[in-house]
Amino acid sequence: MRLLVTPLTRRHLPEVVAIERASFARPWAPELFEAEIRHRHALPLVAQSLPAGMVVGYLCLWLVAEEVQVQNLAVHPAFRRRGVGRFLLAEGLREAHRRGARLATLEVRPSNLAARRLYASLGFVETGRRPGYYQAEGEDALLLDCRLEEAAWLRTGTGKALDHRRRSN
Ligand SMILES: CC(C)(COP(=O)(O)OP(=O)(O)OC[C@H]1O[C@@H](n2cnc3c(N)ncnc32)[C@H](O)[C@@H]1OP(=O)(O)O)[C@@H](O)C(=O)NCCC(=O)NCCS
């Protein structure tokens with residue numbers, strides 16, 4: 001699969017919102033994605049499969065000083081386990097690093113084994129736990145971080161055999 005990672009724009013929103021609804025029990029409202037497009041600290045990205053240009057995943061990052069926070073990440077259900085999530089996250093964190101980020105942080109449900117393995121494969125480690133963070137289920141959040149300077153993939157790539165193009169701008 002050939003992938004193109006580019007900034008999220010309004011024309012991607014219908015596909016992104018559909019993936020969001022297919023991925024989460026409590027999906028973000030479309031307005032939240034629109035706010036990401038406008039906000040100066042936000043770096044929202046989409047991965048499109050080429051040549052058709054279908055949106056197969058998205059990533060919302062926030063850059064505050066030397067920290068980049070992963071706010072949202074999902075891959076189209078039909079395109080999972082093909083390296084899209086890892087590639088998209090690696091590209092997003094690479095761009096955040098170029099912009100000055102040194103530490104990547106995120107929260108994840110302990111029950112979300114797919115996401116936890118993905119994060120671990122990019123060097124995220126557990127640093128703490130927020131009890132009852134996901135209030136509806138009373139589930140804790142695991143706090144993970146990754147020191148970008150120490151992430152070998154930042155220099156060498158993710159090692160996945162994806163034929164891709166980087167951000168076009
Ligand atoms: C988590 C998610 C983004 C992963 O995207 P993906 O494109 O399927 O992930 P990748 O193919 O890049 O997988 C990278 C690694 O993650 C792990 N992984 C991904 N899906 C997995 C699964 N279903 N079971 C176990 N491990 C999994 C594996 O270690 C995998 O590496 P491998 O294929 O070499 O074994 C995707 O499952 C998703 O959209 N889930 C719903 C939304 C969500 O939970 N987002 C994260 C919120 S914190």
# chains A, B, ... in the order shown; residues from 1 in each chain; ligands from 1
call {"tool": "closest_atom_pairs", "arguments": {"of": "chain A", "to": "ligand 1", "cutoff": "7 Å", "atoms": "only C-alpha atoms and all ligand atoms", "output": "tab-separated table"}}
result
residue	atom	partner	partner_atom_place_in_ligand_line	distance
A:Ser23	CA	ligand 1	41 (C)	4.6
A:Phe24	CA	ligand 1	42 (C)	6.3
A:Asn72	CA	ligand 1	47 (C)	6.2
A:Leu73	CA	ligand 1	45 (N)	4.9
A:Ala74	CA	ligand 1	39 (O)	3.4
A:Val75	CA	ligand 1	39 (O)	3.8
A:His76	CA	ligand 1	39 (O)	6.3
A:Pro77	CA	ligand 1	39 (O)	6.7
A:Phe79	CA	ligand 1	7 (O)	6.6
A:Arg80	CA	ligand 1	8 (O)	3.3
A:Arg81	CA	ligand 1	11 (O)	3.2
A:Arg82	CA	ligand 1	11 (O)	4.1
A:Gly83	CA	ligand 1	12 (O)	3.3
A:Val84	CA	ligand 1	7 (O)	3.9
A:Gly85	CA	ligand 1	7 (O)	3.5
A:Arg86	CA	ligand 1	12 (O)	3.7
A:Phe87	CA	ligand 1	12 (O)	6.2
A:Glu107	CA	ligand 1	48 (S)	6.4
A:Val108	CA	ligand 1	48 (S)	4.5
A:Arg109	CA	ligand 1	48 (S)	6.7
A:Asn112	CA	ligand 1	44 (O)	6.2
A:Leu113	CA	ligand 1	25 (C)	6.0
A:Ala114	CA	ligand 1	21 (C)	3.7
A:Ala115	CA	ligand 1	1 (C)	3.8
A:Arg117	CA	ligand 1	17 (C)	4.4
A:Leu118	CA	ligand 1	16 (O)	3.3
A:Ser121	CA	ligand 1	29 (O)	6.3
call {"tool": "select_by_dssp", "arguments": {"residues": "chain A", "states": "strand (DSSP E or B)", "output": "PyMOL selection string"}}
result
chain A and resi 2-7+42-50+54-64+67-75+103-108+125-134+139-147+163-165
call {"tool": "closest_residue", "arguments": {"among": "A:Cys60, A:Ala65, A:Leu148, A:Leu106", "to": "Gly92 of chain A", "atoms": "only C-alpha atoms"}}
result
A:Cys60
call {"tool": "select_by_dssp", "arguments": {"residues": "chain A", "states": "helix (DSSP H, G or I)", "output": "ChimeraX atom specification"}}
result
/A:10-23,30-38,77-79,84-98,113-121,148-150,153-156
call {"tool": "atom_distance", "arguments": {"atom1": "atom CA of Ala42 of chain A", "atom2": "atom CA of Ala101 of chain A"}}
result
12.8 Å
call {"tool": "closest_residue", "arguments": {"among": "A:Glu149, A:Val56, A:Leu32, A:Leu93", "to": "Met1 of chain A", "atoms": "only C-alpha atoms"}}
result
A:Val56
call {"tool": "residues_around", "arguments": {"residues": "His97 of chain A", "least_positions_apart": "6", "cutoff": "10 Å", "atoms": "only C-alpha atoms", "output": "MDAnalysis selection string"}}
result
chainID A and resid 63 66:68 91 103:104 148:149 154
call {"tool": "closest_residue", "arguments": {"among": "A:Ala52, A:Ala141, A:Cys146, A:Val64", "to": "Arg99 of chain A", "atoms": "only C-alpha atoms"}}
result
A:Val64
call {"tool": "atom_distance", "arguments": {"atom1": "atom CA of Arg147 of chain A", "atom2": "atom CA of Arg94 of chain A"}}
result
12.0 Å
call {"tool": "residues_around", "arguments": {"residues": "Leu50 of chain A", "least_positions_apart": "3", "cutoff": "8 Å", "atoms": "only C-alpha atoms", "output": "PyMOL selection string"}}
result
chain A and resi 1-4+53-54
call {"tool": "residues_around", "arguments": {"residues": "Ile37 of chain A", "least_positions_apart": "2", "cutoff": "12 Å", "atoms": "only C-alpha atoms", "output": "ChimeraX atom specification"}}
result
/A:7-13,30-35,39-46,59-62
call {"tool": "write_last_selection", "arguments": {"atoms": "C-alpha atoms", "output": "PDB file, in the first residue's frame"}}
result
ATOM      1  CA  PRO A   7      -2.386  17.973   7.021  1.00  0.00           C
ATOM      2  CA  LEU A   8      -6.074  17.398   7.770  1.00  0.00           C
ATOM      3  CA  THR A   9      -8.326  19.815   5.878  1.00  0.00           C
ATOM      4  CA  ARG A  10     -12.084  20.332   5.780  1.00  0.00           C
ATOM      5  CA  ARG A  11     -12.446  18.186   2.666  1.00  0.00           C
ATOM      6  CA  HIS A  12     -11.174  15.152   4.621  1.00  0.00           C
ATOM      7  CA  LEU A  13     -13.719  15.614   7.419  1.00  0.00           C
ATOM      8  CA  PRO A  30     -17.093  16.883  13.808  1.00  0.00           C
ATOM      9  CA  GLU A  31     -16.648  20.317  15.411  1.00  0.00           C
ATOM     10  CA  LEU A  32     -13.708  19.004  17.434  1.00  0.00           C
ATOM     11  CA  PHE A  33     -11.870  18.054  14.243  1.00  0.00           C
ATOM     12  CA  GLU A  34     -12.682  21.473  12.773  1.00  0.00           C
ATOM     13  CA  ALA A  35     -11.193  23.086  15.862  1.00  0.00           C
ATOM     14  CA  HIS A  39      -5.897  25.765  16.461  1.00  0.00           C
ATOM     15  CA  ARG A  40      -2.333  27.048  16.361  1.00  0.00           C
ATOM     16  CA  HIS A  41      -0.964  24.372  18.712  1.00  0.00           C
ATOM     17  CA  ALA A  42      -2.631  21.515  16.822  1.00  0.00           C
ATOM     18  CA  LEU A  43      -1.036  19.320  14.167  1.00  0.00           C
ATOM     19  CA  PRO A  44      -3.822  17.163  12.658  1.00  0.00           C
ATOM     20  CA  LEU A  45      -2.759  14.739   9.904  1.00  0.00           C
ATOM     21  CA  VAL A  46      -4.426  12.226   7.616  1.00  0.00           C
ATOM     22  CA  LEU A  59      -3.728  11.551  13.873  1.00  0.00           C
ATOM     23  CA  CYS A  60      -4.291  14.619  16.050  1.00  0.00           C
ATOM     24  CA  LEU A  61      -1.242  15.999  17.836  1.00  0.00           C
ATOM     25  CA  TRP A  62      -0.813  19.000  20.112  1.00  0.00           C
TER      26      TRP A  62
END
call {"tool": "closest_residue", "arguments": {"among": "A:Val16, A:Val70, A:Ala47, A:Ala78", "to": "Leu143 of chain A", "atoms": "only C-alpha atoms"}}
result
A:Val70
call {"tool": "residues_around", "arguments": {"residues": "Pro27 of chain A", "least_positions_apart": "6", "cutoff": "10 Å", "atoms": "only C-alpha atoms", "output": "PyMOL selection string"}}
result
chain A and resi 17-21
call {"tool": "closest_residue", "arguments": {"among": "A:Pro51, A:Gly57, A:Gly123, A:Pro110", "to": "Gly138 of chain A", "atoms": "only C-alpha atoms"}}
result
A:Pro110
call {"tool": "decode", "arguments": {"residues": "segment 29-130 of chain A", "atoms": "C-alpha atoms", "output": "mmCIF file, in the first residue's frame"}}
result
data_model
loop_
_atom_site.group_PDB
_atom_site.id
_atom_site.type_symbol
_atom_site.label_atom_id
_atom_site.label_comp_id
_atom_site.auth_asym_id
_atom_site.auth_seq_id
_atom_site.Cartn_x
_atom_site.Cartn_y
_atom_site.Cartn_z
ATOM 1 C CA ALA A 29 -17.979 15.489 17.270
ATOM 2 C CA PRO A 30 -17.093 16.883 13.808
ATOM 3 C CA GLU A 31 -16.648 20.317 15.411
ATOM 4 C CA LEU A 32 -13.708 19.004 17.434
ATOM 5 C CA PHE A 33 -11.870 18.054 14.243
ATOM 6 C CA GLU A 34 -12.682 21.473 12.773
ATOM 7 C CA ALA A 35 -11.193 23.086 15.862
ATOM 8 C CA GLU A 36 -8.015 21.015 15.377
ATOM 9 C CA ILE A 37 -7.667 22.418 11.858
ATOM 10 C CA ARG A 38 -7.828 25.980 13.191
ATOM 11 C CA HIS A 39 -5.897 25.765 16.461
ATOM 12 C CA ARG A 40 -2.333 27.048 16.361
ATOM 13 C CA HIS A 41 -0.964 24.372 18.712
ATOM 14 C CA ALA A 42 -2.631 21.515 16.822
ATOM 15 C CA LEU A 43 -1.036 19.320 14.167
ATOM 16 C CA PRO A 44 -3.822 17.163 12.658
ATOM 17 C CA LEU A 45 -2.759 14.739 9.904
ATOM 18 C CA VAL A 46 -4.426 12.226 7.616
ATOM 19 C CA ALA A 47 -3.017 9.183 5.844
ATOM 20 C CA GLN A 48 -4.416 8.609 2.367
ATOM 21 C CA SER A 49 -3.949 5.486 0.291
ATOM 22 C CA LEU A 50 -2.635 6.164 -3.195
ATOM 23 C CA PRO A 51 -3.534 6.518 -5.966
ATOM 24 C CA ALA A 52 -7.221 6.824 -5.010
ATOM 25 C CA GLY A 53 -6.666 9.239 -2.126
ATOM 26 C CA MET A 54 -9.006 7.460 0.283
ATOM 27 C CA VAL A 55 -8.501 8.512 3.913
ATOM 28 C CA VAL A 56 -7.340 5.398 5.813
ATOM 29 C CA GLY A 57 -6.319 7.004 9.111
ATOM 30 C CA TYR A 58 -5.810 10.215 11.024
ATOM 31 C CA LEU A 59 -3.728 11.551 13.873
ATOM 32 C CA CYS A 60 -4.291 14.619 16.050
ATOM 33 C CA LEU A 61 -1.242 15.999 17.836
ATOM 34 C CA TRP A 62 -0.813 19.000 20.112
ATOM 35 C CA LEU A 63 2.516 20.739 20.363
ATOM 36 C CA VAL A 64 3.139 22.722 23.518
ATOM 37 C CA ALA A 65 6.714 23.905 24.039
ATOM 38 C CA GLU A 66 8.894 20.777 23.925
ATOM 39 C CA GLU A 67 6.021 18.335 24.430
ATOM 40 C CA VAL A 68 3.840 16.725 21.777
ATOM 41 C CA GLN A 69 0.597 15.169 23.008
ATOM 42 C CA VAL A 70 -1.202 12.467 21.032
ATOM 43 C CA GLN A 71 -4.865 13.491 21.222
ATOM 44 C CA ASN A 72 -6.452 11.091 18.767
ATOM 45 C CA LEU A 73 -5.427 8.307 16.401
ATOM 46 C CA ALA A 74 -7.512 5.855 14.412
ATOM 47 C CA VAL A 75 -7.224 3.710 11.312
ATOM 48 C CA HIS A 76 -10.090 2.680 9.051
ATOM 49 C CA PRO A 77 -11.229 -0.776 10.246
ATOM 50 C CA ALA A 78 -10.637 -2.302 6.799
ATOM 51 C CA PHE A 79 -7.018 -1.073 6.757
ATOM 52 C CA ARG A 80 -5.830 -2.144 10.210
ATOM 53 C CA ARG A 81 -2.807 -4.387 10.861
ATOM 54 C CA ARG A 82 -1.104 -3.146 7.713
ATOM 55 C CA GLY A 83 1.268 -0.688 9.328
ATOM 56 C CA VAL A 84 -0.824 2.440 8.735
ATOM 57 C CA GLY A 85 -1.109 3.405 12.416
ATOM 58 C CA ARG A 86 2.601 2.988 13.105
ATOM 59 C CA PHE A 87 3.607 4.832 9.946
ATOM 60 C CA LEU A 88 1.218 7.724 10.581
ATOM 61 C CA LEU A 89 2.260 8.109 14.216
ATOM 62 C CA ALA A 90 5.953 7.911 13.321
ATOM 63 C CA GLU A 91 5.547 10.540 10.597
ATOM 64 C CA GLY A 92 3.571 12.816 12.940
ATOM 65 C CA LEU A 93 6.117 12.528 15.738
ATOM 66 C CA ARG A 94 8.949 13.057 13.250
ATOM 67 C CA GLU A 95 7.309 16.319 12.159
ATOM 68 C CA ALA A 96 6.711 17.332 15.806
ATOM 69 C CA HIS A 97 10.393 16.650 16.518
ATOM 70 C CA ARG A 98 11.371 18.833 13.546
ATOM 71 C CA ARG A 99 9.261 21.577 15.148
ATOM 72 C CA GLY A 100 11.077 21.267 18.486
ATOM 73 C CA ALA A 101 9.237 18.550 20.429
ATOM 74 C CA ARG A 102 11.442 16.415 22.656
ATOM 75 C CA LEU A 103 8.869 14.405 24.614
ATOM 76 C CA ALA A 104 5.741 12.649 23.265
ATOM 77 C CA THR A 105 2.955 11.860 25.733
ATOM 78 C CA LEU A 106 -0.435 10.125 25.567
ATOM 79 C CA GLU A 107 -3.162 8.366 27.527
ATOM 80 C CA VAL A 108 -4.461 4.922 26.643
ATOM 81 C CA ARG A 109 -6.958 2.478 28.111
ATOM 82 C CA PRO A 110 -5.334 -0.577 29.690
ATOM 83 C CA SER A 111 -7.849 -2.685 27.702
ATOM 84 C CA ASN A 112 -6.702 -1.261 24.342
ATOM 85 C CA LEU A 113 -4.035 -3.861 23.624
ATOM 86 C CA ALA A 114 -3.725 -3.008 19.919
ATOM 87 C CA ALA A 115 -2.902 0.634 20.683
ATOM 88 C CA ARG A 116 -0.616 -0.268 23.586
ATOM 89 C CA ARG A 117 1.426 -2.615 21.387
ATOM 90 C CA LEU A 118 1.622 0.000 18.663
ATOM 91 C CA TYR A 119 2.894 2.609 21.147
ATOM 92 C CA ALA A 120 5.365 0.163 22.692
ATOM 93 C CA SER A 121 6.735 -0.637 19.232
ATOM 94 C CA LEU A 122 7.661 3.047 18.855
ATOM 95 C CA GLY A 123 9.342 3.226 22.259
ATOM 96 C CA PHE A 124 6.557 4.566 24.491
ATOM 97 C CA VAL A 125 6.868 3.479 28.106
ATOM 98 C CA GLU A 126 4.382 3.615 30.960
ATOM 99 C CA THR A 127 4.986 6.467 33.395
ATOM 100 C CA GLY A 128 1.807 6.459 35.470
ATOM 101 C CA ARG A 129 -1.904 5.832 35.736
ATOM 102 C CA ARG A 130 -4.929 8.135 36.168
#
